[in-house]
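Okay, structure first, notes after.
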Amino acid sequence: MVATDRLTLVGLIHDAPLMIVLAVTGGGVASISDLLSVPGASRTVLEASVPYAGTALSDLIGYLPSQTVASDTAEAMATACLERAKQLASADIQIAGVACTAALITDRQRSGDNRAFIAVAALQGVVSSHVALEKGMNDRAAEDRIVSDAVLRAIATAAKVAE
């Protein structure tokens with residue numbers, strides 16, 4: 001997604017009647033900056049966090065997952081974020097919990113694919129998606145940008161400003 005499209009999308013998100021709590025780990029962190037750098041962020045973002053350490057992630061979801069970068073972990077994170085949104089928002093506000101867990105290019109040996117799982121939890125249920133990244137095709141910043149754009153698209157879909 002080009003920068004102008006990203007800014008437009010974030011503006012549409014801010015104009016929608018949805019407030020979120022967002023947590024990202026391992027990647028997708030640029031989505032937080034994107035949301036906060038466009039005027040109107042206080043209409044969308046209740047709280048954003050990066051539970052990067054295993055203990056921080058287990059504090060968020062209540063247990064240490066057997067696999068950090070997995071669909072069920074993203075869904076547990078999003079559900080925890082939804083519960084936090086319930087605490088922070090007034091009762092008449094549409095809310096969602098948004099989460100991303102990712103394995104991006106690293107400076108250490110790691111088996112497994114570069115990938116991300118994104119989940120959005122709302123009162124109607126949880127929707128999740130997967131982003132596959134081909135190893136060796138991008139640097140870490142580019143992989144984070146790809147994942148962050150997918151996070152923004154997931155938020156836009158939840159806000160009903162994009163499909």
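Here's how to read the names in the structure tokens: chain A, B, ... by the order shown, residue numbers from 1 in each chain, ligand numbers from 1 in the order shown.
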
Please list as a compact mmCIF listing (two decimals) with N, CA and C atoms, in the first residue's frame every residue within 9 Å of A:Glu143, counting only C-alpha atoms and excluding residues in the same chain fewer than 5 positions away.
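Listing of result.txt after writing:
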```txt
# COMPACT_ATOMS: atom_id res chain seq x y z
N GLY A 27 6.01 -8.17 15.07
CA GLY A 27 5.85 -7.42 13.83
C GLY A 27 4.51 -6.72 13.81
N GLY A 28 4.34 -5.86 12.84
CA GLY A 28 3.11 -5.09 12.74
C GLY A 28 3.13 -3.80 13.54
N LEU A 104 9.21 -12.34 11.81
CA LEU A 104 9.83 -11.64 10.68
C LEU A 104 11.29 -12.02 10.58
N ILE A 105 11.95 -11.51 9.54
CA ILE A 105 13.38 -11.76 9.36
C ILE A 105 14.11 -11.41 10.66
N ASN A 114 8.53 -17.11 7.70
CA ASN A 114 8.22 -15.74 8.12
C ASN A 114 6.73 -15.57 7.86
N LEU A 133 5.07 -14.64 4.37
CA LEU A 133 6.16 -13.83 3.85
C LEU A 133 7.25 -14.76 3.34
N MET A 137 13.12 -12.28 0.63
CA MET A 137 12.58 -11.35 -0.37
C MET A 137 12.61 -9.90 0.11
N ASN A 138 12.53 -9.68 1.42
CA ASN A 138 12.46 -8.33 1.97
C ASN A 138 13.34 -8.22 3.20
N SER A 148 2.03 -4.63 8.86
CA SER A 148 1.32 -3.46 9.41
C SER A 148 0.18 -3.04 8.49
```

- Message: Set the distance at 7 Å and use only C-alpha atoms: which residues neighbour stretch 151-159 of chain A once local chain neighbours fewer than 5 positions away are removed? I'd like the list as a ChimeraX atom specification.
- Response: /A:13,16,18,28,31,118

- Test item: residues at most 6 Å from stretch 75-90 of chain A, only C-alpha atoms, excluding those fewer than 6 positions along its chain, as a PyMOL selection string: chain A and resi 21+61+96-99+119-121

- Query: In terms of the shortest atom-to-atom distance over only C-alpha atoms, which of A:Leu57, A:Ala162, A:Val131, A:Val147 is closest to A:Ile32?
  - Reply: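 The answer is A:Val147, which sits nearest to A:Ile32.
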
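If you count only C-alpha atoms and ignore residues fewer than 2 places along the chain from A:Val38, what sits within 8 Å of it is Leu7, Val10, Gly11, Asp34, Leu35, Leu36, Gly40 and Ala41 of chain A.
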
- DSSP-assigned helix (DSSP H, G or I) among stretch 70-122 of chain A, expressed as number ranges by chain: A: 71-88

Output for the residues just chosen: N, CA and C atoms as a short mmCIF file (atom, residue, chain, number, x, y, z; two decimals), in the first residue's frame:
```
data_model
loop_
_atom_site.label_atom_id
_atom_site.label_comp_id
_atom_site.auth_asym_id
_atom_site.auth_seq_id
_atom_site.Cartn_x
_atom_site.Cartn_y
_atom_site.Cartn_z
N SER A 71 -2.35 -18.81 14.96
CA SER A 71 -3.69 -18.25 14.87
C SER A 71 -4.37 -18.18 16.23
N ASP A 72 -4.26 -19.27 17.02
CA ASP A 72 -4.93 -19.26 18.31
C ASP A 72 -4.32 -18.24 19.27
N THR A 73 -3.03 -17.97 19.14
CA THR A 73 -2.40 -16.94 19.97
C THR A 73 -2.91 -15.55 19.58
N ALA A 74 -2.99 -15.28 18.28
CA ALA A 74 -3.53 -13.99 17.82
C ALA A 74 -4.97 -13.82 18.30
N GLU A 75 -5.75 -14.89 18.23
CA GLU A 75 -7.15 -14.81 18.67
C GLU A 75 -7.25 -14.58 20.17
N ALA A 76 -6.38 -15.23 20.95
CA ALA A 76 -6.36 -15.00 22.40
C ALA A 76 -5.95 -13.57 22.71
N MET A 77 -4.98 -13.05 21.98
CA MET A 77 -4.55 -11.66 22.17
C MET A 77 -5.70 -10.70 21.85
N ALA A 78 -6.37 -10.93 20.73
CA ALA A 78 -7.47 -10.05 20.33
C ALA A 78 -8.60 -10.09 21.35
N THR A 79 -8.89 -11.28 21.87
CA THR A 79 -9.94 -11.42 22.88
C THR A 79 -9.56 -10.67 24.16
N ALA A 80 -8.29 -10.77 24.56
CA ALA A 80 -7.83 -10.02 25.73
C ALA A 80 -7.92 -8.52 25.48
N CYS A 81 -7.61 -8.09 24.26
CA CYS A 81 -7.71 -6.68 23.91
C CYS A 81 -9.17 -6.21 23.93
N LEU A 82 -10.09 -7.07 23.49
CA LEU A 82 -11.51 -6.73 23.55
C LEU A 82 -11.95 -6.54 25.00
N GLU A 83 -11.51 -7.42 25.88
CA GLU A 83 -11.85 -7.29 27.30
C GLU A 83 -11.32 -5.98 27.87
N ARG A 84 -10.12 -5.62 27.46
CA ARG A 84 -9.53 -4.34 27.90
C ARG A 84 -10.34 -3.17 27.35
N ALA A 85 -10.77 -3.26 26.10
CA ALA A 85 -11.59 -2.20 25.50
C ALA A 85 -12.89 -2.03 26.26
N LYS A 86 -13.47 -3.12 26.73
CA LYS A 86 -14.70 -3.04 27.53
C LYS A 86 -14.47 -2.23 28.80
N GLN A 87 -13.28 -2.35 29.37
CA GLN A 87 -12.93 -1.60 30.59
C GLN A 87 -12.73 -0.12 30.30
N LEU A 88 -12.20 0.20 29.12
CA LEU A 88 -11.78 1.56 28.82
C LEU A 88 -12.86 2.41 28.15
#
```

- Note on the structure: A:Cys100 proximity check over A:Ala3, A:Ala56, A:Val69, A:Ala141, using only C-alpha atoms: winner is A:Val69

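Of note, atom CA of A:Arg115 and atom CA of A:Ala48 are spaced 21.2 Å apart.
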
Give me, as a PDB file with N, CA and C atoms, in the first residue's frame, the residues of chain A that a backbone DSSP run labels strand (DSSP E or B).
```pdb
ATOM      1  N   LEU A  18     -15.674   3.220  15.652  1.00  0.00           N
ATOM      2  CA  LEU A  18     -15.069   2.033  16.256  1.00  0.00           C
ATOM      3  C   LEU A  18     -13.862   2.459  17.073  1.00  0.00           C
ATOM      4  N   MET A  19     -13.804   1.972  18.304  1.00  0.00           N
ATOM      5  CA  MET A  19     -12.633   2.210  19.142  1.00  0.00           C
ATOM      6  C   MET A  19     -11.982   0.864  19.432  1.00  0.00           C
ATOM      7  N   ILE A  20     -10.652   0.863  19.459  1.00  0.00           N
ATOM      8  CA  ILE A  20      -9.912  -0.395  19.577  1.00  0.00           C
ATOM      9  C   ILE A  20      -8.854  -0.355  20.665  1.00  0.00           C
ATOM     10  N   VAL A  21      -8.543  -1.543  21.150  1.00  0.00           N
ATOM     11  CA  VAL A  21      -7.317  -1.805  21.888  1.00  0.00           C
ATOM     12  C   VAL A  21      -6.522  -2.726  20.978  1.00  0.00           C
ATOM     13  N   LEU A  22      -5.261  -2.385  20.766  1.00  0.00           N
ATOM     14  CA  LEU A  22      -4.405  -3.077  19.804  1.00  0.00           C
ATOM     15  C   LEU A  22      -3.153  -3.592  20.503  1.00  0.00           C
ATOM     16  N   ALA A  23      -2.790  -4.840  20.198  1.00  0.00           N
ATOM     17  CA  ALA A  23      -1.532  -5.404  20.683  1.00  0.00           C
ATOM     18  C   ALA A  23      -0.839  -6.106  19.526  1.00  0.00           C
ATOM     19  N   VAL A  24       0.437  -5.819  19.337  1.00  0.00           N
ATOM     20  CA  VAL A  24       1.233  -6.466  18.296  1.00  0.00           C
ATOM     21  C   VAL A  24       2.521  -6.987  18.910  1.00  0.00           C
ATOM     22  N   THR A  25       2.960  -8.147  18.444  1.00  0.00           N
ATOM     23  CA  THR A  25       4.219  -8.689  18.911  1.00  0.00           C
ATOM     24  C   THR A  25       4.951  -9.342  17.752  1.00  0.00           C
ATOM     25  N   VAL A  45      -8.146   4.867  18.894  1.00  0.00           N
ATOM     26  CA  VAL A  45      -7.245   4.076  19.733  1.00  0.00           C
ATOM     27  C   VAL A  45      -7.515   4.339  21.216  1.00  0.00           C
ATOM     28  N   LEU A  46      -7.938   3.275  21.908  1.00  0.00           N
ATOM     29  CA  LEU A  46      -8.067   3.338  23.360  1.00  0.00           C
ATOM     30  C   LEU A  46      -6.724   3.040  24.019  1.00  0.00           C
ATOM     31  N   GLU A  47      -6.007   2.070  23.447  1.00  0.00           N
ATOM     32  CA  GLU A  47      -4.718   1.648  24.008  1.00  0.00           C
ATOM     33  C   GLU A  47      -3.996   0.819  22.954  1.00  0.00           C
ATOM     34  N   ALA A  48      -2.679   0.923  22.939  1.00  0.00           N
ATOM     35  CA  ALA A  48      -1.856   0.102  22.049  1.00  0.00           C
ATOM     36  C   ALA A  48      -0.647  -0.400  22.835  1.00  0.00           C
ATOM     37  N   SER A  49      -0.278  -1.652  22.595  1.00  0.00           N
ATOM     38  CA  SER A  49       0.854  -2.216  23.328  1.00  0.00           C
ATOM     39  C   SER A  49       1.650  -3.161  22.432  1.00  0.00           C
ATOM     40  N   GLN A  94     -18.937   1.309  19.929  1.00  0.00           N
ATOM     41  CA  GLN A  94     -18.554   0.074  19.246  1.00  0.00           C
ATOM     42  C   GLN A  94     -17.066  -0.149  19.485  1.00  0.00           C
ATOM     43  N   ILE A  95     -16.704  -1.350  19.952  1.00  0.00           N
ATOM     44  CA  ILE A  95     -15.312  -1.643  20.302  1.00  0.00           C
ATOM     45  C   ILE A  95     -14.837  -2.929  19.642  1.00  0.00           C
ATOM     46  N   ALA A  96     -13.516  -3.054  19.586  1.00  0.00           N
ATOM     47  CA  ALA A  96     -12.886  -4.285  19.104  1.00  0.00           C
ATOM     48  C   ALA A  96     -11.506  -4.422  19.724  1.00  0.00           C
ATOM     49  N   GLY A  97     -11.057  -5.650  19.818  1.00  0.00           N
ATOM     50  CA  GLY A  97      -9.680  -5.950  20.187  1.00  0.00           C
ATOM     51  C   GLY A  97      -8.963  -6.413  18.937  1.00  0.00           C
ATOM     52  N   VAL A  98      -7.792  -5.862  18.691  1.00  0.00           N
ATOM     53  CA  VAL A  98      -7.035  -6.178  17.482  1.00  0.00           C
ATOM     54  C   VAL A  98      -5.657  -6.687  17.904  1.00  0.00           C
ATOM     55  N   ALA A  99      -5.206  -7.761  17.259  1.00  0.00           N
ATOM     56  CA  ALA A  99      -3.912  -8.323  17.635  1.00  0.00           C
ATOM     57  C   ALA A  99      -3.172  -8.856  16.415  1.00  0.00           C
ATOM     58  N   CYS A 100      -1.866  -8.820  16.531  1.00  0.00           N
ATOM     59  CA  CYS A 100      -0.994  -9.386  15.509  1.00  0.00           C
ATOM     60  C   CYS A 100       0.182 -10.052  16.204  1.00  0.00           C
ATOM     61  N   THR A 101       0.486 -11.256  15.793  1.00  0.00           N
ATOM     62  CA  THR A 101       1.694 -11.932  16.230  1.00  0.00           C
ATOM     63  C   THR A 101       2.448 -12.360  14.978  1.00  0.00           C
ATOM     64  N   ALA A 102       3.745 -12.057  14.938  1.00  0.00           N
ATOM     65  CA  ALA A 102       4.495 -12.251  13.698  1.00  0.00           C
ATOM     66  C   ALA A 102       5.898 -12.784  13.951  1.00  0.00           C
ATOM     67  N   ALA A 103       6.385 -13.497  12.964  1.00  0.00           N
ATOM     68  CA  ALA A 103       7.784 -13.932  12.913  1.00  0.00           C
ATOM     69  C   ALA A 103       8.360 -13.333  11.635  1.00  0.00           C
ATOM     70  N   ASN A 114       8.529 -17.110   7.699  1.00  0.00           N
ATOM     71  CA  ASN A 114       8.221 -15.745   8.117  1.00  0.00           C
ATOM     72  C   ASN A 114       6.730 -15.573   7.859  1.00  0.00           C
ATOM     73  N   ARG A 115       6.000 -15.115   8.874  1.00  0.00           N
ATOM     74  CA  ARG A 115       4.547 -15.091   8.778  1.00  0.00           C
ATOM     75  C   ARG A 115       3.960 -14.209   9.865  1.00  0.00           C
ATOM     76  N   ALA A 116       2.688 -13.954   9.731  1.00  0.00           N
ATOM     77  CA  ALA A 116       1.966 -13.211  10.759  1.00  0.00           C
ATOM     78  C   ALA A 116       0.535 -13.724  10.825  1.00  0.00           C
ATOM     79  N   PHE A 117      -0.036 -13.626  12.008  1.00  0.00           N
ATOM     80  CA  PHE A 117      -1.446 -13.920  12.225  1.00  0.00           C
ATOM     81  C   PHE A 117      -2.074 -12.680  12.838  1.00  0.00           C
ATOM     82  N   ILE A 118      -3.198 -12.286  12.290  1.00  0.00           N
ATOM     83  CA  ILE A 118      -3.908 -11.090  12.728  1.00  0.00           C
ATOM     84  C   ILE A 118      -5.310 -11.511  13.132  1.00  0.00           C
ATOM     85  N   ALA A 119      -5.793 -10.983  14.239  1.00  0.00           N
ATOM     86  CA  ALA A 119      -7.149 -11.300  14.686  1.00  0.00           C
ATOM     87  C   ALA A 119      -7.830 -10.030  15.166  1.00  0.00           C
ATOM     88  N   VAL A 120      -9.129  -9.982  14.925  1.00  0.00           N
ATOM     89  CA  VAL A 120      -9.973  -8.903  15.416  1.00  0.00           C
ATOM     90  C   VAL A 120     -11.117  -9.540  16.186  1.00  0.00           C
ATOM     91  N   ALA A 121     -11.239  -9.188  17.456  1.00  0.00           N
ATOM     92  CA  ALA A 121     -12.322  -9.690  18.297  1.00  0.00           C
ATOM     93  C   ALA A 121     -13.312  -8.556  18.538  1.00  0.00           C
ATOM     94  N   ALA A 122     -14.571  -8.834  18.240  1.00  0.00           N
ATOM     95  CA  ALA A 122     -15.652  -7.888  18.502  1.00  0.00           C
ATOM     96  C   ALA A 122     -16.742  -8.645  19.258  1.00  0.00           C
ATOM     97  N   GLY A 125     -17.874 -11.794  17.560  1.00  0.00           N
ATOM     98  CA  GLY A 125     -16.977 -12.925  17.400  1.00  0.00           C
ATOM     99  C   GLY A 125     -15.587 -12.505  16.971  1.00  0.00           C
ATOM    100  N   VAL A 126     -14.778 -13.487  16.628  1.00  0.00           N
ATOM    101  CA  VAL A 126     -13.379 -13.256  16.264  1.00  0.00           C
ATOM    102  C   VAL A 126     -13.161 -13.634  14.801  1.00  0.00           C
ATOM    103  N   VAL A 127     -12.469 -12.756  14.082  1.00  0.00           N
ATOM    104  CA  VAL A 127     -12.093 -13.006  12.694  1.00  0.00           C
ATOM    105  C   VAL A 127     -10.571 -12.956  12.636  1.00  0.00           C
ATOM    106  N   SER A 128      -9.975 -13.936  11.968  1.00  0.00           N
ATOM    107  CA  SER A 128      -8.513 -13.935  11.891  1.00  0.00           C
ATOM    108  C   SER A 128      -8.043 -14.140  10.461  1.00  0.00           C
ATOM    109  N   SER A 129      -6.798 -13.749  10.232  1.00  0.00           N
ATOM    110  CA  SER A 129      -6.193 -13.889   8.914  1.00  0.00           C
ATOM    111  C   SER A 129      -4.715 -14.231   9.072  1.00  0.00           C
ATOM    112  N   HIS A 130      -4.105 -14.622   7.975  1.00  0.00           N
ATOM    113  CA  HIS A 130      -2.715 -15.057   7.964  1.00  0.00           C
ATOM    114  C   HIS A 130      -1.978 -14.326   6.845  1.00  0.00           C
ATOM    115  N   VAL A 131      -0.755 -13.917   7.131  1.00  0.00           N
ATOM    116  CA  VAL A 131       0.108 -13.301   6.121  1.00  0.00           C
ATOM    117  C   VAL A 131       1.349 -14.178   5.994  1.00  0.00           C
ATOM    118  N   ALA A 132       1.600 -14.686   4.803  1.00  0.00           N
ATOM    119  CA  ALA A 132       2.805 -15.475   4.536  1.00  0.00           C
ATOM    120  C   ALA A 132       3.842 -14.564   3.890  1.00  0.00           C
ATOM    121  N   LEU A 133       5.067 -14.644   4.368  1.00  0.00           N
ATOM    122  CA  LEU A 133       6.162 -13.833   3.845  1.00  0.00           C
ATOM    123  C   LEU A 133       7.251 -14.760   3.338  1.00  0.00           C
TER     124      LEU A 133
END
```
